[in-house]
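Chemist: Here you go, upload_38.txt (compact mmCIF, C-alpha atoms and all ligand atoms):
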```
# COMPACT_ATOMS: atom_id res chain seq x y z
CA MET A 704 62.39 15.03 70.00
CA GLY A 705 63.31 13.21 66.84
CA ALA A 706 65.30 10.39 65.36
CA SER A 707 68.20 10.38 62.97
CA GLY A 708 67.02 9.90 59.40
CA ASP A 709 66.14 11.90 56.37
CA ALA A 710 62.42 12.48 56.06
CA GLY A 711 62.87 13.02 52.31
CA ALA A 712 64.12 9.44 51.94
CA LEU A 713 61.08 7.92 53.65
CA PRO A 714 58.75 5.69 51.68
CA ARG A 715 55.49 7.25 50.59
CA ASN A 716 52.50 6.76 52.86
CA GLY A 717 50.88 4.32 50.44
CA ASP A 718 53.91 2.01 50.35
CA LEU A 719 54.29 2.06 54.09
CA ARG A 720 50.61 1.32 54.60
CA GLN A 721 50.75 -1.62 52.22
CA ARG A 722 53.71 -3.09 54.05
CA ALA A 723 52.07 -2.52 57.43
CA LEU A 724 48.84 -4.16 56.30
CA ALA A 725 50.80 -7.15 55.00
CA VAL A 726 52.23 -7.63 58.52
CA LEU A 727 48.79 -7.55 60.11
CA GLU A 728 47.42 -9.96 57.51
CA ARG A 729 50.29 -12.38 58.05
CA ASN A 730 49.70 -12.30 61.81
CA HIS A 731 45.93 -12.64 61.58
CA ARG A 732 44.39 -15.92 62.70
CA ASP A 733 40.83 -17.03 63.30
CA GLY A 734 39.34 -13.74 64.53
CA TYR A 735 42.41 -12.45 66.36
CA THR A 736 45.93 -11.26 65.55
CA VAL A 737 49.13 -12.59 67.13
CA PRO A 738 51.73 -9.96 68.14
CA ALA A 739 54.49 -11.73 66.19
CA GLN A 740 54.70 -15.11 64.49
CA GLU A 741 56.75 -17.70 66.39
CA LEU A 742 57.69 -15.37 69.27
CA TYR A 743 54.12 -14.67 70.48
CA PRO A 744 51.77 -17.13 68.74
CA PHE A 745 48.56 -16.39 70.72
CA GLN A 746 46.27 -13.44 71.47
CA TRP A 747 47.82 -10.89 73.85
CA CYS A 748 45.55 -8.62 75.82
CA TRP A 749 46.93 -5.09 75.50
CA ASP A 750 48.25 -5.71 71.98
CA SER A 751 44.65 -6.28 70.87
CA GLY A 752 43.82 -2.59 71.46
CA PRO A 753 46.23 -1.01 68.96
CA ILE A 754 45.80 -3.97 66.61
CA ALA A 755 42.02 -3.35 66.46
CA LEU A 756 42.74 0.30 65.64
CA GLY A 757 45.06 -0.80 62.85
CA TRP A 758 42.33 -2.91 61.27
CA ALA A 759 39.87 -0.04 61.61
CA ALA A 760 42.34 2.34 59.95
CA VAL A 761 42.18 0.30 56.73
CA GLY A 762 38.39 0.07 56.85
CA ARG A 763 38.29 -3.51 58.12
CA TRP A 764 35.76 -2.67 60.84
CA ASP A 765 34.35 -6.17 61.25
CA THR A 766 37.85 -7.53 61.77
CA ALA A 767 38.54 -4.76 64.29
CA TRP A 768 35.41 -5.43 66.34
CA THR A 769 35.99 -9.19 66.17
CA GLU A 770 39.53 -8.74 67.54
CA LEU A 771 38.04 -7.24 70.71
CA GLU A 772 35.08 -9.61 70.87
CA ARG A 773 37.44 -12.60 70.77
CA LEU A 774 39.50 -11.18 73.61
CA PHE A 775 36.47 -10.47 75.78
CA SER A 776 35.02 -13.92 75.10
CA ALA A 777 37.86 -15.22 77.30
CA GLN A 778 37.07 -12.86 80.19
CA TRP A 779 36.89 -14.45 83.62
CA THR A 780 33.69 -14.28 85.67
CA SER A 781 35.42 -11.90 88.10
CA GLY A 782 35.81 -9.44 85.22
CA MET A 783 39.54 -9.98 84.74
CA VAL A 784 40.64 -10.13 81.12
CA PRO A 785 43.61 -12.49 80.87
CA HIS A 786 46.90 -11.34 79.45
CA ILE A 787 47.22 -14.24 77.00
CA VAL A 788 44.49 -16.36 75.41
CA PHE A 789 45.91 -19.66 74.13
CA TRP A 790 43.50 -20.11 71.24
CA GLN A 791 45.43 -23.02 69.76
CA GLU A 792 48.26 -25.32 70.73
CA ASP A 793 51.73 -24.10 69.93
CA ASP A 794 54.92 -25.49 71.41
CA GLY A 795 56.82 -22.41 70.29
CA TYR A 796 55.95 -20.38 73.39
CA PHE A 797 56.90 -20.86 77.00
CA PRO A 798 55.23 -20.77 79.54
CA GLY A 799 52.24 -22.43 77.85
CA PRO A 800 48.83 -23.38 79.30
CA GLU A 801 50.15 -26.38 81.23
CA ILE A 802 52.34 -24.11 83.38
CA TRP A 803 49.48 -21.70 84.08
CA ALA A 804 46.94 -24.46 84.78
CA THR A 805 44.11 -21.96 85.24
CA GLY A 806 41.47 -24.53 84.24
CA ARG A 807 39.86 -22.10 81.78
CA ASN A 808 38.35 -22.89 78.40
CA PRO A 809 39.86 -21.50 76.22
CA PRO A 810 43.09 -21.82 78.21
CA THR A 811 44.38 -18.49 79.47
CA THR A 812 46.95 -17.07 81.83
CA GLY A 813 45.80 -15.92 85.28
CA LEU A 814 47.14 -12.34 85.02
CA THR A 815 45.88 -9.26 83.22
CA GLN A 816 47.46 -6.35 81.32
CA PRO A 817 46.71 -2.60 80.96
CA PRO A 818 43.16 -2.18 79.61
CA LEU A 819 44.05 -0.51 76.31
CA PRO A 820 41.35 -2.58 74.54
CA VAL A 821 38.74 -0.53 76.45
CA SER A 822 40.02 2.70 74.91
CA ALA A 823 40.17 0.95 71.54
CA ALA A 824 36.49 -0.04 71.85
CA ALA A 825 35.56 3.58 72.55
CA ARG A 826 37.55 4.70 69.47
CA LEU A 827 35.93 2.06 67.27
CA PHE A 828 32.52 3.21 68.46
CA ALA A 829 33.32 6.84 67.70
CA GLY A 830 34.87 6.13 64.29
CA ASP A 831 32.88 3.31 62.72
CA PRO A 832 30.97 4.83 59.77
CA ASP A 833 28.29 2.11 60.02
CA ARG A 834 26.43 3.51 63.01
CA ASP A 835 24.19 0.47 63.46
CA ARG A 836 27.22 -1.80 63.65
CA ALA A 837 28.98 0.64 65.98
CA LEU A 838 26.03 0.76 68.33
CA SER A 839 25.32 -2.95 68.45
CA SER A 840 29.00 -3.96 68.72
CA PHE A 841 29.77 -1.42 71.41
CA ARG A 842 26.64 -2.20 73.41
CA SER A 843 27.36 -5.90 73.41
CA LEU A 844 30.93 -5.23 74.57
CA TRP A 845 29.84 -2.69 77.18
CA PRO A 846 29.13 -5.09 80.11
CA HIS A 847 32.54 -6.69 79.53
CA LEU A 848 34.35 -3.35 79.45
CA VAL A 849 32.68 -2.19 82.63
CA ALA A 850 33.25 -5.53 84.38
CA TRP A 851 36.98 -5.37 83.65
CA LEU A 852 37.36 -1.83 84.97
CA SER A 853 35.19 -2.61 88.01
CA TRP A 854 37.37 -5.60 88.79
CA ILE A 855 40.52 -3.45 88.56
CA GLU A 856 38.90 -0.93 90.88
CA ARG A 857 37.72 -3.59 93.33
CA ALA A 858 40.60 -6.07 93.35
CA ARG A 859 43.60 -3.95 92.40
CA GLN A 860 43.29 -0.73 94.33
CA GLY A 861 46.52 0.20 96.10
CA PRO A 862 47.17 2.36 99.18
CA HIS A 863 47.36 5.58 97.11
CA GLY A 864 44.31 4.72 95.03
CA ALA A 865 46.48 3.74 92.05
CA SER A 866 46.23 0.29 90.39
CA VAL A 867 48.33 -2.61 91.68
CA ILE A 868 50.06 -5.11 89.42
CA VAL A 869 51.00 -8.49 90.87
CA HIS A 870 53.54 -9.51 88.23
CA PRO A 871 55.87 -7.52 85.93
CA TRP A 872 54.07 -9.15 82.97
CA GLU A 873 50.94 -7.24 83.99
CA SER A 874 52.66 -3.94 83.28
CA GLY A 875 53.38 -5.10 79.73
CA MET A 876 56.92 -3.77 80.36
CA ASP A 877 58.28 -7.02 81.68
CA ASN A 878 61.92 -6.39 82.53
CA SER A 879 61.78 -2.63 83.03
CA PRO A 880 64.24 -1.43 85.69
CA SER A 881 61.12 -0.16 87.46
CA TRP A 882 60.57 -3.66 88.81
CA ASP A 883 64.16 -4.58 89.75
CA GLN A 884 63.93 -3.69 93.43
CA SER A 885 60.55 -5.34 93.99
CA LEU A 886 61.61 -8.41 92.03
CA SER A 887 64.80 -8.81 94.05
CA VAL A 888 62.88 -10.43 96.94
CA VAL A 889 60.74 -12.71 94.77
CA PRO A 890 61.55 -16.42 94.98
CA GLU A 891 62.74 -18.16 91.83
CA MET A 892 60.65 -21.06 90.52
CA SER A 893 61.20 -24.29 92.41
CA ASN A 894 61.75 -26.53 89.39
CA GLU A 895 65.31 -26.28 88.07
CA HIS A 896 64.20 -26.88 84.49
CA ILE A 897 63.27 -23.85 82.41
CA GLU A 898 62.43 -24.05 78.71
CA ARG A 899 62.95 -20.59 77.26
CA ARG A 900 61.65 -20.53 73.66
CA ASP A 901 61.89 -16.79 73.12
CA VAL A 902 65.67 -16.95 72.77
CA ALA A 903 65.30 -19.31 69.79
CA THR A 904 63.81 -16.39 67.84
CA VAL A 905 65.45 -13.34 69.40
CA SER A 906 69.04 -12.94 70.56
CA ALA A 907 69.30 -13.59 74.32
CA ASP A 908 70.96 -10.22 74.93
CA GLN A 909 67.74 -8.53 73.76
CA ARG A 910 65.49 -10.48 76.13
CA PRO A 911 65.01 -10.73 79.94
CA SER A 912 67.70 -12.61 81.83
CA SER A 913 67.31 -16.23 82.96
CA ARG A 914 67.13 -15.12 86.57
CA GLU A 915 64.26 -12.74 85.72
CA TYR A 916 62.46 -15.59 83.96
CA ARG A 917 62.90 -17.83 86.96
CA GLN A 918 61.38 -15.12 89.14
CA TYR A 919 58.52 -14.48 86.70
CA LEU A 920 57.75 -18.18 86.96
CA GLY A 921 58.24 -18.07 90.74
CA ILE A 922 55.33 -15.60 90.99
CA VAL A 923 53.22 -17.75 88.64
CA GLU A 924 53.90 -20.72 90.91
CA VAL A 925 52.76 -18.81 94.03
CA LEU A 926 49.56 -17.54 92.40
CA ARG A 927 48.78 -20.94 90.88
CA THR A 928 49.21 -22.57 94.31
CA ALA A 929 46.86 -19.92 95.73
CA GLY A 930 44.23 -21.12 93.22
CA TRP A 931 44.22 -18.13 90.85
CA ASN A 932 41.87 -16.22 93.11
CA THR A 933 41.57 -12.99 91.15
CA GLU A 934 39.89 -11.21 94.06
CA ARG A 935 42.96 -11.45 96.27
CA GLN A 936 46.07 -11.57 94.11
CA PRO A 937 47.81 -8.51 95.67
CA ALA A 938 47.66 -10.36 99.01
CA ASP A 939 48.77 -13.67 97.50
CA SER A 940 51.64 -12.41 95.34
CA PRO A 941 55.21 -11.76 96.48
CA PHE A 942 55.15 -8.83 94.04
CA ALA A 943 52.58 -6.04 94.49
CA VAL A 944 53.33 -2.63 93.03
CA GLU A 945 51.20 0.42 92.22
CA ASP A 946 52.05 0.98 88.57
CA PRO A 947 51.74 4.46 87.05
CA GLY A 948 51.48 3.11 83.48
CA PHE A 949 48.73 0.61 84.32
CA THR A 950 46.92 3.26 86.37
CA ALA A 951 47.14 5.85 83.60
CA ILE A 952 45.82 3.44 80.99
CA THR A 953 42.94 2.43 83.27
CA ALA A 954 42.10 6.05 84.10
CA ARG A 955 42.08 6.95 80.41
CA ALA A 956 40.01 3.86 79.60
CA ALA A 957 37.38 4.98 82.09
CA ALA A 958 37.47 8.55 80.70
CA ASP A 959 37.17 7.23 77.14
CA LEU A 960 34.11 5.19 78.10
CA ALA A 961 32.57 8.20 79.81
CA ALA A 962 33.16 10.29 76.67
CA VAL A 963 31.10 7.99 74.46
CA ALA A 964 28.57 6.73 77.01
CA THR A 965 25.84 9.24 76.22
CA ALA A 966 26.03 8.65 72.47
CA ALA A 967 25.93 4.91 73.12
CA GLY A 968 22.99 5.24 75.50
CA VAL A 969 24.79 3.64 78.46
CA ASP A 970 25.31 4.81 82.01
CA VAL A 971 28.16 7.30 82.33
CA ARG A 972 28.40 7.55 86.12
CA ALA A 973 30.67 4.64 87.11
CA SER A 974 33.20 5.49 84.38
CA THR A 975 33.35 9.15 85.34
CA ARG A 976 33.85 8.31 89.00
CA LEU A 977 36.59 5.76 88.24
CA ALA A 978 38.44 8.15 85.92
CA GLU A 979 38.48 10.73 88.71
CA SER A 980 39.59 8.36 91.47
CA LEU A 981 42.36 6.84 89.36
CA GLY A 982 43.47 10.32 88.38
CA THR A 983 43.92 11.01 92.09
CA GLY A 984 45.82 7.73 92.52
CA LEU A 985 48.10 8.58 89.60
CA HIS A 986 48.69 12.05 91.00
CA ALA A 987 49.93 10.46 94.25
CA LEU A 988 52.66 8.57 92.36
CA TRP A 989 54.34 11.80 91.21
CA ASP A 990 57.85 12.12 92.65
CA ASP A 991 58.53 15.83 92.74
CA ASP A 992 62.26 15.45 93.39
CA MET A 993 62.70 13.24 90.37
CA GLY A 994 60.10 15.05 88.26
CA TRP A 995 58.59 11.73 87.16
CA TYR A 996 55.81 9.26 88.01
CA ARG A 997 57.23 6.30 89.91
CA PRO A 998 55.84 2.91 90.95
CA TYR A 999 55.17 2.29 94.64
CA ASP A 1000 56.09 -1.09 96.12
CA VAL A 1001 53.14 -2.01 98.34
CA LEU A 1002 55.09 -4.67 100.25
CA ALA A 1003 58.31 -2.68 100.83
CA LYS A 1004 56.27 0.51 101.25
CA CYS A 1005 58.44 2.76 99.10
CA ALA A 1006 58.67 4.32 95.64
CA VAL A 1007 60.94 2.33 93.35
CA GLY A 1008 63.04 2.59 90.23
CA PRO A 1009 64.58 5.18 87.89
CA ALA A 1010 62.69 7.23 85.30
CA THR A 1011 61.15 4.72 82.88
CA SER A 1012 58.38 4.30 80.34
CA THR A 1013 55.77 3.34 82.92
CA GLY A 1014 56.03 6.83 84.43
CA LEU A 1015 56.06 8.45 81.01
CA VAL A 1016 52.77 6.77 80.10
CA ALA A 1017 51.09 8.96 82.73
CA LEU A 1018 50.94 11.53 79.90
CA TRP A 1019 48.34 9.34 78.15
CA ALA A 1020 45.93 9.96 81.05
CA GLY A 1021 46.56 13.72 81.12
CA VAL A 1022 48.81 15.38 83.71
CA PRO A 1023 49.33 19.01 84.80
CA VAL A 1024 51.23 21.12 82.27
CA ALA A 1025 54.07 21.93 84.68
CA ARG A 1026 54.75 18.21 85.01
CA VAL A 1027 54.67 17.73 81.24
CA HIS A 1028 57.42 20.36 80.99
CA ARG A 1029 59.54 18.63 83.61
CA MET A 1030 59.19 15.24 81.98
CA LEU A 1031 59.96 16.63 78.53
CA ALA A 1032 63.06 18.37 79.85
CA ARG A 1033 64.37 15.05 81.10
CA VAL A 1034 63.51 13.23 77.88
CA ASP A 1035 65.23 15.98 75.88
CA SER A 1036 68.41 15.62 77.96
CA TRP A 1037 68.57 11.95 76.87
CA ARG A 1038 68.83 12.98 73.23
CA THR A 1039 72.35 14.29 73.60
CA THR A 1040 73.60 10.71 73.62
CA LEU A 1041 70.68 8.78 72.13
CA PRO A 1042 69.25 10.17 68.89
CA ALA A 1043 66.19 7.90 68.56
CA ALA A 1044 63.25 8.89 70.77
CA ILE A 1045 62.06 7.84 73.31
CA PRO A 1046 64.27 5.43 75.26
CA THR A 1047 62.17 3.41 77.71
CA SER A 1048 64.56 3.86 80.59
CA GLN A 1049 66.87 6.49 82.02
CA PRO A 1050 70.18 6.23 80.09
CA ASP A 1051 72.42 7.42 82.94
CA ASP A 1052 71.12 4.78 85.32
CA PRO A 1053 73.32 1.65 85.69
CA SER A 1054 70.31 -0.52 84.79
CA PHE A 1055 70.08 0.98 81.28
CA ASP A 1056 70.64 -1.36 78.35
CA PRO A 1057 69.96 -0.05 74.82
CA ILE A 1058 68.98 -3.40 73.33
CA ARG A 1059 67.42 -5.41 76.16
CA TYR A 1060 63.62 -5.33 75.73
CA TRP A 1061 62.18 -2.78 78.23
CA ARG A 1062 65.50 -1.64 79.69
CA GLY A 1063 66.16 1.08 77.13
CA PRO A 1064 64.91 0.36 73.59
CA VAL A 1065 62.35 2.60 71.90
CA TRP A 1066 58.82 1.17 71.49
CA VAL A 1067 56.24 2.43 68.97
CA LEU A 1068 53.38 1.90 71.43
CA ILE A 1069 54.98 4.10 74.09
CA ASN A 1070 55.66 6.84 71.56
CA TRP A 1071 52.01 6.72 70.49
CA LEU A 1072 50.67 6.93 74.05
CA VAL A 1073 53.01 9.83 74.79
CA ALA A 1074 52.29 11.69 71.55
CA ASP A 1075 48.55 11.34 72.07
CA GLY A 1076 48.87 12.66 75.62
CA LEU A 1077 51.05 15.56 74.45
CA ALA A 1078 48.58 16.52 71.73
CA ARG A 1079 45.69 16.48 74.19
CA ALA A 1080 47.69 18.64 76.60
CA GLY A 1081 48.24 21.21 73.85
CA PHE A 1082 51.85 20.27 73.01
CA THR A 1083 50.96 19.73 69.38
CA ASP A 1084 54.41 20.51 67.95
CA ARG A 1085 56.04 18.04 70.28
CA ALA A 1086 53.44 15.42 69.45
CA SER A 1087 53.98 15.87 65.76
CA ALA A 1088 57.79 15.75 66.10
CA LEU A 1089 57.48 12.47 67.95
CA ARG A 1090 55.21 11.12 65.24
CA THR A 1091 57.74 12.04 62.55
CA ALA A 1092 60.55 10.46 64.56
CA THR A 1093 58.56 7.25 65.01
CA ARG A 1094 57.75 7.13 61.32
CA THR A 1095 61.44 7.01 60.49
CA LEU A 1096 61.71 3.90 62.67
CA VAL A 1097 58.89 1.92 61.10
CA ALA A 1098 60.01 2.97 57.62
CA ARG A 1099 62.98 0.68 58.18
CA SER A 1100 61.16 -2.25 59.77
CA PHE A 1101 58.08 -3.16 61.79
CA SER A 1102 60.14 -4.30 64.73
CA GLU A 1103 59.17 -5.03 68.28
CA TYR A 1104 61.58 -2.33 69.51
CA TYR A 1105 64.47 -0.15 68.34
CA ASP A 1106 67.99 0.60 69.54
CA PRO A 1107 67.95 4.27 70.65
CA ARG A 1108 71.61 4.72 69.59
CA ASN A 1109 71.11 3.97 65.90
CA ALA A 1110 67.37 3.26 65.36
CA ALA A 1111 68.08 -0.37 64.36
CA GLY A 1112 64.97 -2.58 64.58
CA ILE A 1113 65.51 -5.36 67.13
CA GLY A 1114 63.51 -7.96 69.07
CA GLY A 1115 60.70 -9.71 67.17
CA GLN A 1116 60.19 -8.75 63.52
CA GLY A 1117 56.90 -8.28 61.70
CA PHE A 1118 55.48 -6.95 64.95
CA SER A 1119 51.74 -6.32 64.89
CA TRP A 1120 51.34 -3.19 66.99
CA SER A 1121 54.20 -1.42 65.19
CA ALA A 1122 52.37 -2.14 61.92
CA ALA A 1123 48.92 -1.35 63.35
CA LEU A 1124 50.01 2.01 64.71
CA THR A 1125 51.68 2.80 61.39
CA LEU A 1126 48.18 2.51 59.92
CA ALA A 1127 46.25 4.19 62.73
CA TRP A 1128 48.71 6.94 63.64
CA LEU A 1129 51.82 7.33 61.53
CA THR A 1130 50.25 7.39 58.08
CA GLU A 1131 46.76 8.60 58.81
CA ALA A 1132 45.55 11.50 56.68
C1 LIG A 1201 56.71 -12.54 76.97
O1 LIG A 1201 56.51 -13.75 76.88
O2 LIG A 1201 57.81 -12.02 76.78
C2 LIG A 1201 55.57 -11.66 77.22
O3 LIG A 1201 55.95 -10.32 77.30
C3 LIG A 1201 54.81 -12.06 78.46
O4 LIG A 1201 53.61 -11.39 78.40
```
Before we go any further, please render this structure as structure tokens.
Ligand code: DGY
Modeler:
Amino acid sequence: MGASGDAGALPRNGDLRQRALAVLERNHRDGYTVPAQELYPFQWCWDSGPIALGWAAVGRWDTAWTELERLFSAQWTSGMVPHIVFWQEDDGYFPGPEIWATGRNPPTTGLTQPPLPVSAAARLFAGDPDRDRALSSFRSLWPHLVAWLSWIERARQGPHGASVIVHPWESGMDNSPSWDQSLSVVPEMSNEHIERRDVATVSADQRPSSREYRQYLGIVEVLRTAGWNTERQPADSPFAVEDPGFTAITARAAADLAAVATAAGVDVRASTRLAESLGTGLHALWDDDMGWYRPYDVLAKCAVGPATSTGLVALWAGVPVARVHRMLARVDSWRTTLPAAIPTSQPDDPSFDPIRYWRGPVWVLINWLVADGLARAGFTDRASALRTATRTLVARSFSEYYDPRNAAGIGGQGFSWSAALTLAWLTEA
């Protein structure tokens, strides 16, 4: 598992860290950090997790805690944490608050994203050298963390006990081929007029198609008409899928909370129980013929899609060793044609596209989740090879994603989580 590139030619850690920090500083706003200037000019939910870890990695603990506090200050009373918080006006992004019309202050979307910020909070608590600050910050976040996970358990439990997403945006892997089949029956938005702004910044062939956008907005329209009732979105939405990636990140979030609960003096029981039940749900999404974790379409009642990053992220939660071997064997077979690891979708599937967002490009976040899971499962050499390979990518640019054929940085540039994980993972001591 590696990428083309000469490790000897890489910049020294110090240089790379300085450049990564400069990206985070440029993207920092009033207490939160945007994923990328122009392309994503607000606070994004799951991005906040790795971004907080990046701030912590350079000793900016107050900034790290504030990143999470800002996000949770926009939490809904149901416990849902919205996937975008529109902290200020910016015409550069579509769909903005007027399309969502959730009636929230601050304005937010009405969807969520994988709860990576929960795991980030547990890491901040464990790592913050100022123990008084760690304790008071974590304890004040605690009710919010628990409320989010309880809401996922209550309102998003699928037939196998895995977590249900009601929109591809909730997976964080928007146009992954994993969602193609389920999306094919979703109505397009009723209004003919669509104002894509993303393609002003990034080449259209690296972004979702117009039809996909019209369907993304079609789901938004249905859920908005249903009144953004976060207790019943899987019933309201024309898209309801048990997502292995979302489930794995939630299971790990619960386990991470349980691991620090005693030290923080908070109740461990609910987190332990949720980690176990989601582990069972994740287990049920394993497709033994394919040797991969696959989403389950709750409406069509079938497993869907080729081998993609959402199944790979199961490793982050911890999976049986025999399954790790099977998944690694598949990933290794991809390297014969694609030198940069790890493509986010199966290269021999007709849906594969090496430059189109989540349909093939390599993402730093996915590599981190996988490497962490591999290390915890005892595959330390593989984890370290993946870290080295990822470092060669960021040494060239802090891009949103990378072409697996030649490691070219594509999508948005100056991308926050690529920089943050450079600090928290790729150049740590
Ligand atoms: C986008 O706008 O592309 C985002 O991924 C939605 O969350």
Chemist: Choose the residue, out of A:Arg935, A:Arg732, A:His896, A:Arg972, that has the smallest atom-to-atom separation from Ile855 (chain A); count only C-alpha atoms.
Modeler: A:Arg935
Chemist: Determine the nearest neighbour of Arg955 (chain A) from the options A:Gln918, A:Ile1069, A:Val905, A:Val821, counting all atoms listed in the file.
Modeler: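 Of the candidates, the smallest distance to Arg955 (chain A) is held by A:Val821.
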Chemist: Check which residues of chain A sit at most 8 Å from ligand LIG 1201 (chain A) using all atoms listed in the file, and return one row each with the closest pair of atoms and their distance in Å to one decimal, ordered by chain and rising number, as a Markdown table.
Modeler:
```
| residue | atom | partner | partner_atom | distance |
| --- | --- | --- | --- | --- |
| A:Leu742 | CA | A:LIG1201 | O1 | 7.9 |
| A:Tyr743 | CA | A:LIG1201 | O1 | 6.9 |
| A:Trp747 | CA | A:LIG1201 | O4 | 7.4 |
| A:His786 | CA | A:LIG1201 | O4 | 6.8 |
| A:Ile787 | CA | A:LIG1201 | O4 | 7.1 |
| A:Tyr796 | CA | A:LIG1201 | O1 | 7.5 |
| A:Phe797 | CA | A:LIG1201 | O1 | 7.1 |
| A:Pro798 | CA | A:LIG1201 | O1 | 7.6 |
| A:Trp872 | CA | A:LIG1201 | O4 | 5.1 |
| A:Glu873 | CA | A:LIG1201 | O4 | 7.5 |
| A:Gly875 | CA | A:LIG1201 | O3 | 6.3 |
| A:Met876 | CA | A:LIG1201 | O3 | 7.3 |
| A:Asp877 | CA | A:LIG1201 | O3 | 6.0 |
| A:Asp901 | CA | A:LIG1201 | O1 | 7.2 |
| A:Arg910 | CA | A:LIG1201 | O2 | 7.9 |
| A:Pro911 | CA | A:LIG1201 | O2 | 8.0 |
```
Chemist: Give me the residues within 9 Å of Ala973 (chain A) as a list in words, counting only C-alpha atoms and dropping any in the same chain fewer than 3 places off.
Modeler: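 That gives Val849, Ser853, Ala957, Ala961, Asp970, Arg976, Leu977 and Ala978 of chain A.
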Chemist: If we count all atoms listed in the file, what is near Ala964 (chain A) at a cut-off of 12 Å, once residues fewer than 6 positions away on the same chain are taken out, given as a PyMOL selection string?
Modeler: chain A and resi 824-826+828-829+838+841-842+845+848-849+957-958+970-975
Chemist: Taking C-alpha atoms for each residue, export the selection above as a tab-separated table (two decimals), in the frame of the given file.
Modeler:
```tsv
chain	number	residue	atom	x	y	z
A	824	ALA	CA	36.49	-0.04	71.85
A	825	ALA	CA	35.56	3.58	72.55
A	826	ARG	CA	37.55	4.70	69.47
A	828	PHE	CA	32.52	3.21	68.46
A	829	ALA	CA	33.32	6.84	67.70
A	838	LEU	CA	26.03	0.76	68.33
A	841	PHE	CA	29.77	-1.42	71.41
A	842	ARG	CA	26.64	-2.20	73.41
A	845	TRP	CA	29.84	-2.69	77.18
A	848	LEU	CA	34.35	-3.35	79.45
A	849	VAL	CA	32.68	-2.19	82.63
A	957	ALA	CA	37.38	4.98	82.09
A	958	ALA	CA	37.47	8.55	80.70
A	970	ASP	CA	25.31	4.81	82.01
A	971	VAL	CA	28.16	7.30	82.33
A	972	ARG	CA	28.40	7.55	86.12
A	973	ALA	CA	30.67	4.64	87.11
A	974	SER	CA	33.20	5.49	84.38
A	975	THR	CA	33.35	9.15	85.34
```
Chemist: Show me, as a PyMOL selection string, the residues that have an atom within 12 Å of Pro890 (chain A) when counting all atoms listed in the file, minus same-chain residues fewer than 6 positions from it.
Modeler: chain A and resi 914-925+940-942
Chemist: Rounded to one decimal in Å, what is the spacing between CA of Val963 (chain A) and CA of Leu774 (chain A)?
Modeler: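 It comes out at 20.9 Å.
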Chemist: Kindly indicate which residue among A:Ala1080, A:Ser1054, A:Asp1035, A:Gly1114 lies nearest to Pro1023 (chain A), using all atoms listed in the file for the distances.
Modeler: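 Of A:Ala1080, A:Ser1054, A:Asp1035, A:Gly1114, the one nearest Pro1023 (chain A), counting all atoms listed in the file, is A:Ala1080.
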Chemist: So the first atom is CA of Trp995 (chain A) and the second is CA of Pro1107 (chain A); what is the distance between them in Å, to one decimal place?
Modeler: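 Computed distance, CA of Trp995 (chain A) to CA of Pro1107 (chain A), equals 20.4 Å.
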Chemist: Rounded to one decimal, what separation in Å do you get between CA of Asp946 (chain A) and CA of Pro744 (chain A)?
Modeler: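 Separation of CA of Asp946 (chain A) and CA of Pro744 (chain A): 26.9 Å.
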Chemist: Some atoms are absent from region 1075-1081 of chain A, so rebuild N, CA, C and O atoms and return them as a compact mmCIF listing (two decimals), in the coordinates of the input.
Modeler:
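Result file follows (out31.txt):
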```
# COMPACT_ATOMS: atom_id res chain seq x y z
N ASP A 1075 49.98 11.08 71.90
CA ASP A 1075 48.55 11.34 72.07
C ASP A 1075 48.32 12.23 73.30
O ASP A 1075 47.56 13.20 73.26
N GLY A 1076 49.01 11.87 74.40
CA GLY A 1076 48.87 12.66 75.62
C GLY A 1076 49.38 14.08 75.42
O GLY A 1076 48.77 15.05 75.89
N LEU A 1077 50.49 14.23 74.70
CA LEU A 1077 51.05 15.56 74.45
C LEU A 1077 50.08 16.40 73.62
O LEU A 1077 49.85 17.58 73.91
N ALA A 1078 49.52 15.78 72.59
CA ALA A 1078 48.58 16.52 71.73
C ALA A 1078 47.38 16.99 72.55
O ALA A 1078 46.94 18.13 72.43
N ARG A 1079 46.87 16.11 73.39
CA ARG A 1079 45.69 16.48 74.19
C ARG A 1079 46.00 17.57 75.20
O ARG A 1079 45.14 18.33 75.61
N ALA A 1080 47.28 17.61 75.63
CA ALA A 1080 47.69 18.64 76.60
C ALA A 1080 48.07 19.95 75.91
O ALA A 1080 48.51 20.89 76.57
N GLY A 1081 47.96 19.97 74.59
CA GLY A 1081 48.24 21.21 73.85
C GLY A 1081 49.67 21.31 73.32
O GLY A 1081 50.04 22.32 72.73
```
